[in-house]
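Just data-v3.cif here, mmCIF, C-alpha atoms:
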```cif
data_final
#
loop_
_atom_site.label_atom_id
_atom_site.label_comp_id
_atom_site.auth_asym_id
_atom_site.auth_seq_id
_atom_site.Cartn_x
_atom_site.Cartn_y
_atom_site.Cartn_z
CA MET A 1 3.29 -27.08 -20.85
CA PRO A 2 4.92 -28.22 -17.55
CA ALA A 3 4.26 -26.27 -14.34
CA GLU A 4 7.64 -24.48 -14.51
CA GLY A 5 6.80 -23.31 -18.02
CA HIS A 6 3.48 -21.90 -16.79
CA ALA A 7 5.21 -20.10 -13.93
CA LEU A 8 7.82 -18.55 -16.23
CA PHE A 9 5.14 -17.61 -18.75
CA TRP A 10 3.04 -15.67 -16.21
CA ALA A 11 6.06 -13.92 -14.71
CA ALA A 12 7.18 -12.83 -18.20
CA VAL A 13 3.66 -11.72 -19.21
CA THR A 14 3.19 -9.68 -16.02
CA LEU A 15 6.59 -7.97 -16.29
CA GLY A 16 6.13 -7.34 -20.02
CA ILE A 17 2.68 -5.77 -19.66
CA TYR A 18 3.89 -3.74 -16.67
CA VAL A 19 6.85 -2.28 -18.59
CA LEU A 20 4.63 -1.35 -21.55
CA SER A 21 1.87 0.14 -19.36
CA ARG A 22 4.44 2.25 -17.48
CA ARG A 23 5.66 3.65 -20.76
CA THR A 24 2.08 4.36 -21.93
CA HIS A 25 1.27 6.01 -18.61
CA ARG A 26 4.26 8.32 -18.90
CA HIS A 27 2.95 9.51 -22.30
CA MET A 28 -0.77 9.84 -21.52
CA ASN A 29 -0.78 10.36 -17.73
CA ARG A 30 -4.51 9.83 -17.07
CA TRP A 31 -5.99 8.01 -14.07
CA TRP A 32 -7.29 5.19 -16.27
CA THR A 33 -3.83 4.50 -17.69
CA SER A 34 -2.51 3.67 -14.19
CA PRO A 35 -0.05 0.75 -14.56
CA LEU A 36 -1.75 -1.16 -11.74
CA LEU A 37 -5.18 -0.94 -13.38
CA VAL A 38 -3.94 -1.67 -16.92
CA THR A 39 -1.62 -4.53 -15.91
CA TRP A 40 -4.37 -6.11 -13.82
CA LEU A 41 -7.02 -5.80 -16.57
CA LEU A 42 -4.79 -7.26 -19.29
CA CYS A 43 -3.40 -10.10 -17.12
CA PHE A 44 -6.90 -10.90 -15.90
CA ALA A 45 -8.35 -10.96 -19.43
CA LEU A 46 -5.50 -13.21 -20.59
CA ALA A 47 -5.93 -15.57 -17.61
CA LEU A 48 -9.68 -15.84 -18.35
CA ALA A 49 -9.01 -16.49 -22.04
CA LEU A 50 -6.46 -19.23 -21.22
CA HIS A 51 -8.63 -20.73 -18.43
CA ALA A 52 -5.80 -20.27 -15.92
CA SER A 53 -6.49 -20.46 -12.19
CA TYR A 54 -5.08 -18.19 -9.50
CA GLY A 55 -2.81 -21.09 -8.43
CA ASP A 56 -1.25 -21.25 -11.92
CA TYR A 57 -0.71 -17.52 -11.92
CA ILE A 58 0.68 -17.01 -8.43
CA ARG A 59 3.23 -19.84 -8.75
CA GLY A 60 5.28 -17.73 -11.13
CA THR A 61 4.65 -14.32 -9.60
CA HIS A 62 4.63 -14.88 -5.84
CA TRP A 63 8.13 -13.44 -5.55
CA LEU A 64 6.74 -10.08 -6.66
CA VAL A 65 4.28 -10.00 -3.74
CA THR A 66 7.13 -10.97 -1.39
CA LEU A 67 8.99 -7.81 -2.44
CA LEU A 68 6.29 -5.73 -0.68
CA GLY A 69 8.09 -6.64 2.59
CA PRO A 70 11.47 -5.10 1.64
CA ALA A 71 9.55 -2.16 0.08
CA THR A 72 8.03 -1.47 3.52
CA VAL A 73 11.54 -1.42 5.03
CA ALA A 74 12.55 0.97 2.23
CA PHE A 75 9.97 3.49 3.50
CA ALA A 76 12.31 4.24 6.39
CA MET A 77 14.45 6.37 4.01
CA PRO A 78 11.80 8.85 2.73
CA ILE A 79 10.18 9.01 6.20
CA TYR A 80 13.56 9.78 7.80
CA GLU A 81 14.21 12.47 5.21
CA GLN A 82 10.90 14.17 6.16
CA ARG A 83 11.55 13.88 9.91
CA ALA A 84 11.55 17.66 10.50
CA LEU A 85 8.10 18.12 8.94
CA ILE A 86 6.72 15.05 10.70
CA ARG A 87 8.04 16.17 14.10
CA ARG A 88 6.26 19.51 13.63
CA HIS A 89 2.92 18.15 12.46
CA TRP A 90 2.56 14.68 14.02
CA PRO A 91 -0.64 15.50 16.02
CA ILE A 92 -2.31 16.48 12.73
CA LEU A 93 -1.32 13.18 11.14
CA LEU A 94 -2.72 11.28 14.12
CA ALA A 95 -6.00 13.24 13.87
CA GLY A 96 -6.22 12.33 10.16
CA ILE A 97 -5.60 8.65 10.91
CA LEU A 98 -8.18 8.63 13.70
CA VAL A 99 -10.86 10.26 11.51
CA GLY A 100 -9.89 8.12 8.50
CA SER A 101 -9.96 4.81 10.39
CA THR A 102 -13.31 5.62 11.99
CA ILE A 103 -14.86 6.51 8.61
CA ALA A 104 -13.28 3.42 6.99
CA ILE A 105 -14.72 0.96 9.49
CA GLY A 106 -18.00 2.84 10.00
CA SER A 107 -18.77 3.34 6.31
CA SER A 108 -17.97 -0.29 5.45
CA TRP A 109 -20.27 -1.52 8.19
CA ALA A 110 -23.12 0.89 7.38
CA LEU A 111 -22.99 0.48 3.59
CA ALA A 112 -22.64 -3.32 3.76
CA SER A 113 -25.62 -3.51 6.15
CA ALA A 114 -27.70 -1.18 3.97
CA LEU A 115 -27.05 -3.33 0.90
CA GLY A 116 -27.83 -6.54 2.81
CA LEU A 117 -24.45 -8.26 2.41
CA SER A 118 -23.81 -11.43 4.45
CA ALA A 119 -22.26 -11.11 7.92
CA ASP A 120 -19.09 -12.84 6.71
CA LEU A 121 -18.65 -10.42 3.80
CA ARG A 122 -19.49 -7.44 6.00
CA LEU A 123 -16.76 -8.32 8.52
CA SER A 124 -14.28 -9.03 5.74
CA LEU A 125 -14.93 -5.56 4.32
CA LEU A 126 -14.07 -3.74 7.56
CA PRO A 127 -10.26 -3.62 7.24
CA ARG A 128 -10.21 -2.88 3.49
CA SER A 129 -8.33 0.42 3.88
CA VAL A 130 -5.18 -1.05 5.48
CA SER A 131 -2.56 -3.19 3.77
CA THR A 132 -3.04 -6.95 3.50
CA PRO A 133 -0.92 -8.28 6.43
CA PHE A 134 -2.64 -5.88 8.84
CA ALA A 135 -6.06 -6.66 7.37
CA ILE A 136 -5.49 -10.39 7.91
CA ALA A 137 -4.39 -9.83 11.51
CA PHE A 138 -7.54 -7.68 12.00
CA VAL A 139 -9.89 -10.31 10.56
CA GLU A 140 -8.36 -13.03 12.74
CA ASP A 141 -9.43 -11.01 15.79
CA VAL A 142 -12.76 -9.58 14.67
CA GLY A 143 -14.09 -12.35 12.41
CA GLY A 144 -14.62 -12.75 8.66
CA THR A 145 -12.57 -14.66 6.09
CA PRO A 146 -8.87 -13.75 5.61
CA GLU A 147 -9.04 -14.57 1.88
CA LEU A 148 -12.10 -12.39 1.29
CA ALA A 149 -10.58 -9.60 3.38
CA ALA A 150 -7.40 -9.73 1.28
CA THR A 151 -9.51 -9.54 -1.89
CA CYS A 152 -11.41 -6.50 -0.58
CA VAL A 153 -8.10 -4.85 0.35
CA VAL A 154 -6.82 -5.43 -3.16
CA ILE A 155 -9.96 -4.04 -4.84
CA THR A 156 -9.69 -0.97 -2.58
CA GLY A 157 -6.10 -0.43 -3.71
CA LEU A 158 -7.04 -0.92 -7.35
CA ILE A 159 -9.93 1.55 -7.19
CA GLY A 160 -8.45 3.92 -4.60
CA ALA A 161 -5.20 4.62 -6.42
CA SER A 162 -7.12 5.94 -9.43
CA LEU A 163 -9.95 7.49 -7.41
CA GLY A 164 -7.48 9.49 -5.30
CA GLU A 165 -6.14 11.18 -8.37
CA VAL A 166 -9.65 12.26 -9.41
CA LEU A 167 -10.40 13.49 -5.86
CA LEU A 168 -7.20 15.56 -5.81
CA LYS A 169 -8.65 17.65 -8.63
CA TRP A 170 -11.93 18.24 -6.76
CA LEU A 171 -10.81 18.88 -3.19
CA PRO A 172 -9.28 22.23 -2.16
CA LEU A 173 -6.04 20.74 -0.77
CA ARG A 174 -3.10 23.11 -0.49
CA SER A 175 -0.84 21.07 1.80
CA SER A 176 1.20 18.06 0.75
CA PHE A 177 0.25 16.53 4.12
CA ALA A 178 -3.44 16.38 3.18
CA ARG A 179 -2.68 14.98 -0.28
CA GLY A 180 -0.35 12.33 1.18
CA ALA A 181 -2.79 11.37 3.95
CA LEU A 182 -5.59 10.99 1.38
CA PHE A 183 -3.64 8.32 -0.51
CA GLY A 184 -2.07 6.55 2.47
CA MET A 185 -5.31 6.32 4.46
CA GLY A 186 -7.67 5.61 1.55
CA ALA A 187 -5.71 3.12 -0.55
CA HIS A 188 -2.75 1.78 1.53
CA GLY A 189 0.26 0.69 -0.55
CA ALA A 190 -1.28 1.12 -3.97
CA GLY A 191 -2.29 4.67 -3.04
CA THR A 192 1.14 5.35 -1.58
CA ALA A 193 2.79 4.30 -4.83
CA ARG A 194 0.53 6.81 -6.65
CA ALA A 195 1.29 9.50 -4.06
CA ARG A 196 5.01 9.11 -4.81
CA GLN A 197 4.21 10.07 -8.40
CA VAL A 198 2.43 13.22 -7.17
CA GLY A 199 5.44 14.35 -5.12
CA SER A 200 8.16 13.11 -2.78
CA GLU A 201 6.64 14.76 0.30
CA GLU A 202 3.22 13.30 -0.53
CA GLY A 203 4.86 9.89 -0.96
CA SER A 204 6.62 9.90 2.42
CA ILE A 205 3.52 11.09 4.26
CA ALA A 206 1.37 8.49 2.51
CA GLY A 207 3.83 5.75 3.49
CA LEU A 208 3.86 6.85 7.12
CA VAL A 209 0.06 7.18 7.27
CA MET A 210 -0.40 3.76 5.66
CA ILE A 211 1.80 2.09 8.28
CA LEU A 212 0.29 3.98 11.23
CA ALA A 213 -3.25 3.22 10.00
CA GLY A 214 -2.32 -0.47 9.82
CA LEU A 215 -0.93 -0.43 13.36
CA ALA A 216 -4.05 1.43 14.57
CA SER A 217 -6.34 -1.19 13.01
CA VAL A 218 -4.49 -4.03 14.75
CA ALA A 219 -4.66 -2.10 18.03
CA ILE A 220 -8.44 -1.53 17.91
CA ALA A 221 -9.28 -5.01 16.56
CA PRO A 222 -9.60 -6.65 20.03
CA ILE A 223 -11.91 -3.82 21.17
CA LEU A 224 -14.12 -4.12 18.08
CA ALA A 225 -14.15 -7.90 18.46
CA HIS A 226 -15.56 -7.46 21.95
CA PHE A 227 -18.52 -5.46 20.59
CA LEU A 228 -19.20 -7.38 17.37
CA ARG A 229 -19.04 -10.94 18.69
CA MET B 1 34.23 -1.17 8.96
CA PHE B 2 31.86 1.84 8.85
CA ARG B 3 33.81 3.44 6.02
CA ARG B 4 34.17 0.23 4.09
CA THR B 5 30.38 -0.30 4.23
CA SER B 6 29.93 3.25 2.97
CA ILE B 7 32.12 2.69 -0.07
CA LEU B 8 30.66 -0.73 -0.83
CA LEU B 9 26.99 0.27 -0.57
CA GLY B 10 27.26 3.88 -1.70
CA ARG B 11 27.18 3.18 -5.40
CA ASN B 12 25.50 -0.12 -6.07
CA ARG B 13 21.71 -0.10 -6.35
CA TRP B 14 21.49 -3.92 -6.46
CA LEU B 15 23.61 -4.39 -3.34
CA GLN B 16 21.41 -1.83 -1.58
CA THR B 17 18.27 -3.70 -2.66
CA ALA B 18 19.79 -6.99 -1.51
CA GLY B 19 20.58 -5.38 1.85
CA LEU B 20 16.95 -4.24 2.27
CA ILE B 21 15.73 -7.74 1.38
CA ALA B 22 18.14 -9.25 3.95
CA ILE B 23 16.90 -6.90 6.69
CA TRP B 24 13.27 -7.71 5.85
CA PHE B 25 14.04 -11.46 5.85
CA ALA B 26 15.66 -11.31 9.29
CA CYS B 27 12.76 -9.27 10.72
CA GLU B 28 10.17 -11.58 9.17
CA ALA B 29 11.90 -14.57 10.81
CA PHE B 30 11.96 -12.69 14.13
CA VAL B 31 8.23 -11.83 13.91
CA ARG B 32 7.32 -15.43 13.01
CA ALA B 33 9.40 -16.85 15.85
CA LEU B 34 7.62 -14.64 18.40
CA ALA B 35 4.21 -14.86 16.62
CA LEU B 36 3.81 -11.06 16.71
CA PRO B 37 0.68 -9.56 15.03
CA VAL B 38 2.84 -7.10 13.04
CA PRO B 39 4.34 -7.75 9.57
CA GLY B 40 8.12 -8.20 9.38
CA GLY B 41 8.42 -5.27 6.99
CA VAL B 42 7.03 -2.84 9.58
CA VAL B 43 9.47 -4.11 12.24
CA GLY B 44 12.25 -3.76 9.67
CA MET B 45 11.20 -0.19 8.94
CA ALA B 46 11.13 0.70 12.64
CA LEU B 47 14.57 -0.88 13.11
CA MET B 48 15.91 1.03 10.12
CA LEU B 49 14.54 4.33 11.50
CA VAL B 50 16.26 3.66 14.86
CA LEU B 51 19.54 2.85 13.08
CA LEU B 52 19.29 6.01 10.95
CA ALA B 53 18.47 8.20 13.96
CA SER B 54 21.37 6.79 15.99
CA GLY B 55 23.78 7.37 13.10
CA ARG B 56 24.72 3.71 12.74
CA VAL B 57 23.33 3.63 9.20
CA ARG B 58 23.67 6.40 6.63
CA ILE B 59 20.78 7.21 4.32
CA ALA B 60 23.15 7.16 1.32
CA TRP B 61 23.74 3.43 1.87
CA PHE B 62 20.19 2.59 0.88
CA ARG B 63 18.84 5.61 -1.00
CA ARG B 64 19.03 4.19 -4.52
CA GLY B 65 17.91 0.72 -3.52
CA SER B 66 14.90 2.05 -1.59
CA SER B 67 13.72 4.42 -4.31
CA GLY B 68 14.03 1.56 -6.82
CA LEU B 69 11.84 -0.73 -4.70
CA LEU B 70 9.29 2.01 -3.96
CA ASP B 71 9.07 3.11 -7.61
CA HIS B 72 7.91 -0.36 -8.59
CA MET B 73 5.56 -0.98 -5.67
CA LEU B 74 2.49 -0.96 -7.94
CA LEU B 75 3.90 -4.00 -9.75
CA PHE B 76 4.15 -5.93 -6.48
CA PHE B 77 0.39 -5.57 -6.03
CA VAL B 78 -0.58 -7.04 -9.39
CA PRO B 79 -0.29 -10.76 -8.45
CA ALA B 80 -2.50 -10.24 -5.38
CA THR B 81 -5.24 -8.66 -7.52
CA MET B 82 -5.40 -11.87 -9.56
CA ALA B 83 -6.92 -13.63 -6.52
CA LEU B 84 -10.23 -12.48 -8.05
CA LEU B 85 -9.81 -15.37 -10.52
CA ASP B 86 -10.79 -17.76 -7.71
CA HIS B 87 -13.66 -15.58 -6.49
CA ARG B 88 -16.02 -15.81 -9.42
CA GLU B 89 -18.94 -15.37 -7.00
CA LEU B 90 -17.90 -11.70 -6.90
CA PHE B 91 -18.78 -11.40 -10.61
CA SER B 92 -22.48 -11.17 -9.75
CA LEU B 93 -24.88 -8.86 -7.95
CA THR B 94 -22.95 -9.47 -4.71
CA GLY B 95 -19.79 -8.32 -6.46
CA VAL B 96 -21.50 -5.13 -7.65
CA LYS B 97 -22.63 -4.46 -4.07
CA VAL B 98 -19.11 -5.07 -2.70
CA LEU B 99 -17.76 -2.74 -5.37
CA ALA B 100 -20.31 -0.07 -4.38
CA VAL B 101 -19.36 -0.37 -0.68
CA ILE B 102 -15.67 -0.03 -1.54
CA LEU B 103 -16.16 2.82 -4.02
CA VAL B 104 -18.41 4.96 -1.80
CA GLY B 105 -16.45 4.04 1.35
CA THR B 106 -13.11 4.98 -0.20
CA VAL B 107 -14.44 8.35 -1.41
CA LEU B 108 -15.65 9.05 2.16
CA VAL B 109 -12.38 7.93 3.80
CA MET B 110 -10.20 9.93 1.39
CA THR B 111 -12.33 13.07 1.58
CA GLY B 112 -12.71 12.91 5.37
CA THR B 113 -9.02 12.28 6.03
CA ALA B 114 -7.72 14.88 3.58
CA LEU B 115 -10.13 17.61 4.72
CA THR B 116 -9.35 16.93 8.42
CA VAL B 117 -5.60 17.22 7.82
CA GLU B 118 -6.02 20.28 5.57
CA ALA B 119 -8.24 22.05 8.11
CA CYS B 120 -5.79 21.32 10.97
CA ILE B 121 -2.83 22.60 8.95
CA ARG B 122 -4.61 25.81 7.96
CA TRP B 123 -5.75 26.38 11.56
CA LYS B 124 -2.22 25.80 12.85
CA ASN B 125 -0.64 28.08 10.24
CA ARG B 126 -3.08 30.89 11.04
CA HIS B 127 -2.42 30.66 14.78
CA ALA B 128 1.33 30.29 14.51
CA CYS B 129 1.82 33.51 12.55
#
```
Represent the structure from my file as C-alpha cells, please.
Amino acid sequence: MPAEGHALFWAAVTLGIYVLSRRTHRHMNRWWTSPLLVTWLLCFALALALHASYGDYIRGTHWLVTLLGPATVAFAMPIYEQRALIRRHWPILLAGILVGSTIAIGSSWALASALGLSADLRLSLLPRSVSTPFAIAFVEDVGGTPELAATCVVITGLIGASLGEVLLKWLPLRSSFARGALFGMGAHGAGTARARQVGSEEGSIAGLVMILAGLASVAIAPILAHFLR
Amino acid sequence: MFRRTSILLGRNRWLQTAGLIAIWFACEAFVRALALPVPGGVVGMALMLVLLASGRVRIAWFRRGSSGLLDHMLLFFVPATMALLDHRELFSLTGVKVLAVILVGTVLVMTGTALTVEACIRWKNRHAC
C-alpha cells in the first residue's frame, strides 16, 4: 500500500473506532468504556498487529492533534459564560492551582527518585499534569527530553481522565468548582473533556484551570531550572 | 457589518468551526513570529475573551462551533497517545515504574486540588452568610 493509502487507512480506523466507542460509552457509561481509553487500546493493538510505526500512524492523523489548538480557542465561550462565578471565586481557583502544581511537581520528583528512575526520565515526568505545548516549553527550560515529556503528559491524560471519575465517587465534593479543578489540574485536556461530560460548569472550570496551570508551569520553569541545574 | 456577521455565523456550525480554526491559525503564526513560550491556542483564547468582553464578538457567533470542537476533544488526543509505539523501552520494568509515578502522582494532585478548592468554598460560604 502506498503512503497515502496508509494515512487514509489510519485516519478511517481511528474515526471509526472513536464513533463506535462513543456509542458504547453512552450505553454503558463506565470509566473503563471511556472513548479515549478504548480508542487508544484498539488502535494500539491494531498498530502492533500490523507492525506499524508511530510515523505511519501520525501521517494520517496529525490533523486531529492540530485541532487541539482551535479547541483551546473554543474554551473562551464556556469560560465567558461562567464569568460571574469565576469573578466571585477566582482566589479559590488560584489556591487550587498553586496547591495542585506544587503537588504535581513535588510528587513526580519524590516518587521518581524513590523508584530510582534516571535523571532524564525524572525531569521529563515533572510537567506531566499540564498540556503538551506547556510541558514542552517547561522541559526546554528545566531539562529532560521533550518527546518523553509529551509521552508522560499523554499517559497522565489517559489514566487521569478515568481515574478522576473514580475519585469523584470517593471524595466528598459538593461544589462544581472542586470537581472541575480536579479534572483540569490532574489530567489537563483529557480530564477537561471528561469534566464536560460531568456538567457544563465543571467543564468550564476545568478548562480555565488547565490553561492557568499551564501558564503557571511556564512561569515557574526558569526558577526551578535555577535550582535543579 | 456587525449584523451581517451575526446572520452569517449565527446558524452555521461549520462556518463557526472554520472561524475558530482561522483565529487559532493567525495566533499560532503570531506566537511563532515572536517566539513566545505560550501556545497559539492560549493567545487565541485570551484574544477571544477580550473581544467577547468588549462586545465586539457575540457568543452566539461561535457557540455551536465551540461546543462541537470541545465535545470531540478526547478524539484529538488519540494520535498523540500512539507515540508509545516508538517508546517500546516503556514496556518494561521502567515503564511500570513510570506508570506507578503517574498513577500515584495523579491521585495526589487530584485529591489535593479538589479538597483545597472544596474547603475554601465551604469556608467562604459559611463566612458570607
If the PyMOL selection byres ((chain A) within 6 of (chain B)) were run on this exact file, what residues would it hold? Put them as a PDB file with C-alpha atoms, in the frame of the given file.
```
ATOM      1  CA  LEU A  36      -1.750  -1.160 -11.740  1.00  0.00           C
ATOM      2  CA  TRP A  40      -4.370  -6.110 -13.820  1.00  0.00           C
ATOM      3  CA  TYR A  54      -5.080 -18.190  -9.500  1.00  0.00           C
ATOM      4  CA  LEU A  64       6.740 -10.080  -6.660  1.00  0.00           C
ATOM      5  CA  VAL A  65       4.280 -10.000  -3.740  1.00  0.00           C
ATOM      6  CA  GLY A  69       8.090  -6.640   2.590  1.00  0.00           C
ATOM      7  CA  PRO A  70      11.470  -5.100   1.640  1.00  0.00           C
ATOM      8  CA  ALA A  71       9.550  -2.160   0.080  1.00  0.00           C
ATOM      9  CA  THR A  72       8.030  -1.470   3.520  1.00  0.00           C
ATOM     10  CA  VAL A  73      11.540  -1.420   5.030  1.00  0.00           C
ATOM     11  CA  ALA A  74      12.550   0.970   2.230  1.00  0.00           C
ATOM     12  CA  ALA A  76      12.310   4.240   6.390  1.00  0.00           C
ATOM     13  CA  ILE A  92      -2.310  16.480  12.730  1.00  0.00           C
ATOM     14  CA  GLY A  96      -6.220  12.330  10.160  1.00  0.00           C
ATOM     15  CA  GLY A 100      -9.890   8.120   8.500  1.00  0.00           C
ATOM     16  CA  ILE A 103     -14.860   6.510   8.610  1.00  0.00           C
ATOM     17  CA  ALA A 104     -13.280   3.420   6.990  1.00  0.00           C
ATOM     18  CA  SER A 107     -18.770   3.340   6.310  1.00  0.00           C
ATOM     19  CA  LEU A 111     -22.990   0.480   3.590  1.00  0.00           C
ATOM     20  CA  VAL A 154      -6.820  -5.430  -3.160  1.00  0.00           C
ATOM     21  CA  ALA A 178      -3.440  16.380   3.180  1.00  0.00           C
ATOM     22  CA  LEU A 182      -5.590  10.990   1.380  1.00  0.00           C
ATOM     23  CA  GLY A 186      -7.670   5.610   1.550  1.00  0.00           C
ATOM     24  CA  ALA A 190      -1.280   1.120  -3.970  1.00  0.00           C
TER      25      ALA A 190
END
```
Report summary line: What separates CA of Arg83 in chain A and CA of Ala187 in chain A is a distance of 22.9 Å
Query raised in the report: In file coordinates, which residues lie within 10 Å of (-5.8, -5.4, 8.5) using all atoms listed in the file, given as a list of chain:residue names?
Result: A:Ser124, A:Leu126, A:Pro127, A:Arg128, A:Ser129, A:Val130, A:Ser131, A:Thr132, A:Pro133, A:Phe134, A:Ala135, A:Ile136, A:Ala137, A:Phe138, A:Val139, A:Glu140, A:Asp141, A:Pro146, A:Ala149, A:Ala150, A:Val153, A:Ala213, A:Gly214, A:Leu215, A:Ala216, A:Ser217, A:Val218, A:Ala221, B:Val38
Report summary line: Here CA of Arg22 in chain A and CA of Pro35 in chain A stand apart by 5.6 Å
**Report entry** Test item: the PyMOL selection byres ((chain A and resi 170) around 12) resolved as a list in words
**Finding:**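 Selected by the PyMOL selection byres ((chain A and resi 170) around 12) in this file: Leu163, Gly164, Glu165, Val166, Leu167, Leu168, Lys169, Leu171, Pro172, Leu173, Arg174 and Arg179 of chain A; Val107, Met110, Thr111, Ala114 and Leu115 of chain B.
Coordinates place CA of Trp10 in chain A at a distance of 6.0 Å from CA of Tyr57 in chain A.
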Query raised in the report: If you apply the PyMOL selection byres ((chain A and resi 118-121) around 9) to this file, what residues do you get, as a list in words?
Result: Ala112, Ser113, Gly116, Leu117, Arg122, Leu123, Ser124, Leu125, Leu126, Gly143, Gly144, Thr145, Leu148 and Ala149 of chain A; Val98 of chain B
Keeping only C-alpha atoms, take the residues you just selected and write them out as a PDB file, in the coordinates of the input.
```pdb
ATOM      1  CA  ALA A 112     -22.640  -3.320   3.760  1.00  0.00           C
ATOM      2  CA  SER A 113     -25.620  -3.510   6.150  1.00  0.00           C
ATOM      3  CA  GLY A 116     -27.830  -6.540   2.810  1.00  0.00           C
ATOM      4  CA  LEU A 117     -24.450  -8.260   2.410  1.00  0.00           C
ATOM      5  CA  ARG A 122     -19.490  -7.440   6.000  1.00  0.00           C
ATOM      6  CA  LEU A 123     -16.760  -8.320   8.520  1.00  0.00           C
ATOM      7  CA  SER A 124     -14.280  -9.030   5.740  1.00  0.00           C
ATOM      8  CA  LEU A 125     -14.930  -5.560   4.320  1.00  0.00           C
ATOM      9  CA  LEU A 126     -14.070  -3.740   7.560  1.00  0.00           C
ATOM     10  CA  GLY A 143     -14.090 -12.350  12.410  1.00  0.00           C
ATOM     11  CA  GLY A 144     -14.620 -12.750   8.660  1.00  0.00           C
ATOM     12  CA  THR A 145     -12.570 -14.660   6.090  1.00  0.00           C
ATOM     13  CA  LEU A 148     -12.100 -12.390   1.290  1.00  0.00           C
ATOM     14  CA  ALA A 149     -10.580  -9.600   3.380  1.00  0.00           C
TER      15      ALA A 149
ATOM     16  CA  VAL B  98     -19.110  -5.070  -2.700  1.00  0.00           C
TER      17      VAL B  98
END
```
Requested in this report: Just the residues within 8 Å of Leu93 in chain A, please, counting only C-alpha atoms, with nothing from its chain fewer than 4 positions along; format it as a VMD selection string.
Outcome: (chain A and resid 89 97 177 181 209) or (chain B and resid 117)
Keeping only C-alpha atoms, write the selected residues to a file as a CSV table (one decimal), in the coordinates of the input.
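Below is the file result.csv, written as the result:
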```csv
chain,number,residue,atom,x,y,z
A,89,HIS,CA,2.9,18.2,12.5
A,97,ILE,CA,-5.6,8.6,10.9
A,177,PHE,CA,0.2,16.5,4.1
A,181,ALA,CA,-2.8,11.4,4.0
A,209,VAL,CA,0.1,7.2,7.3
B,117,VAL,CA,-5.6,17.2,7.8
```
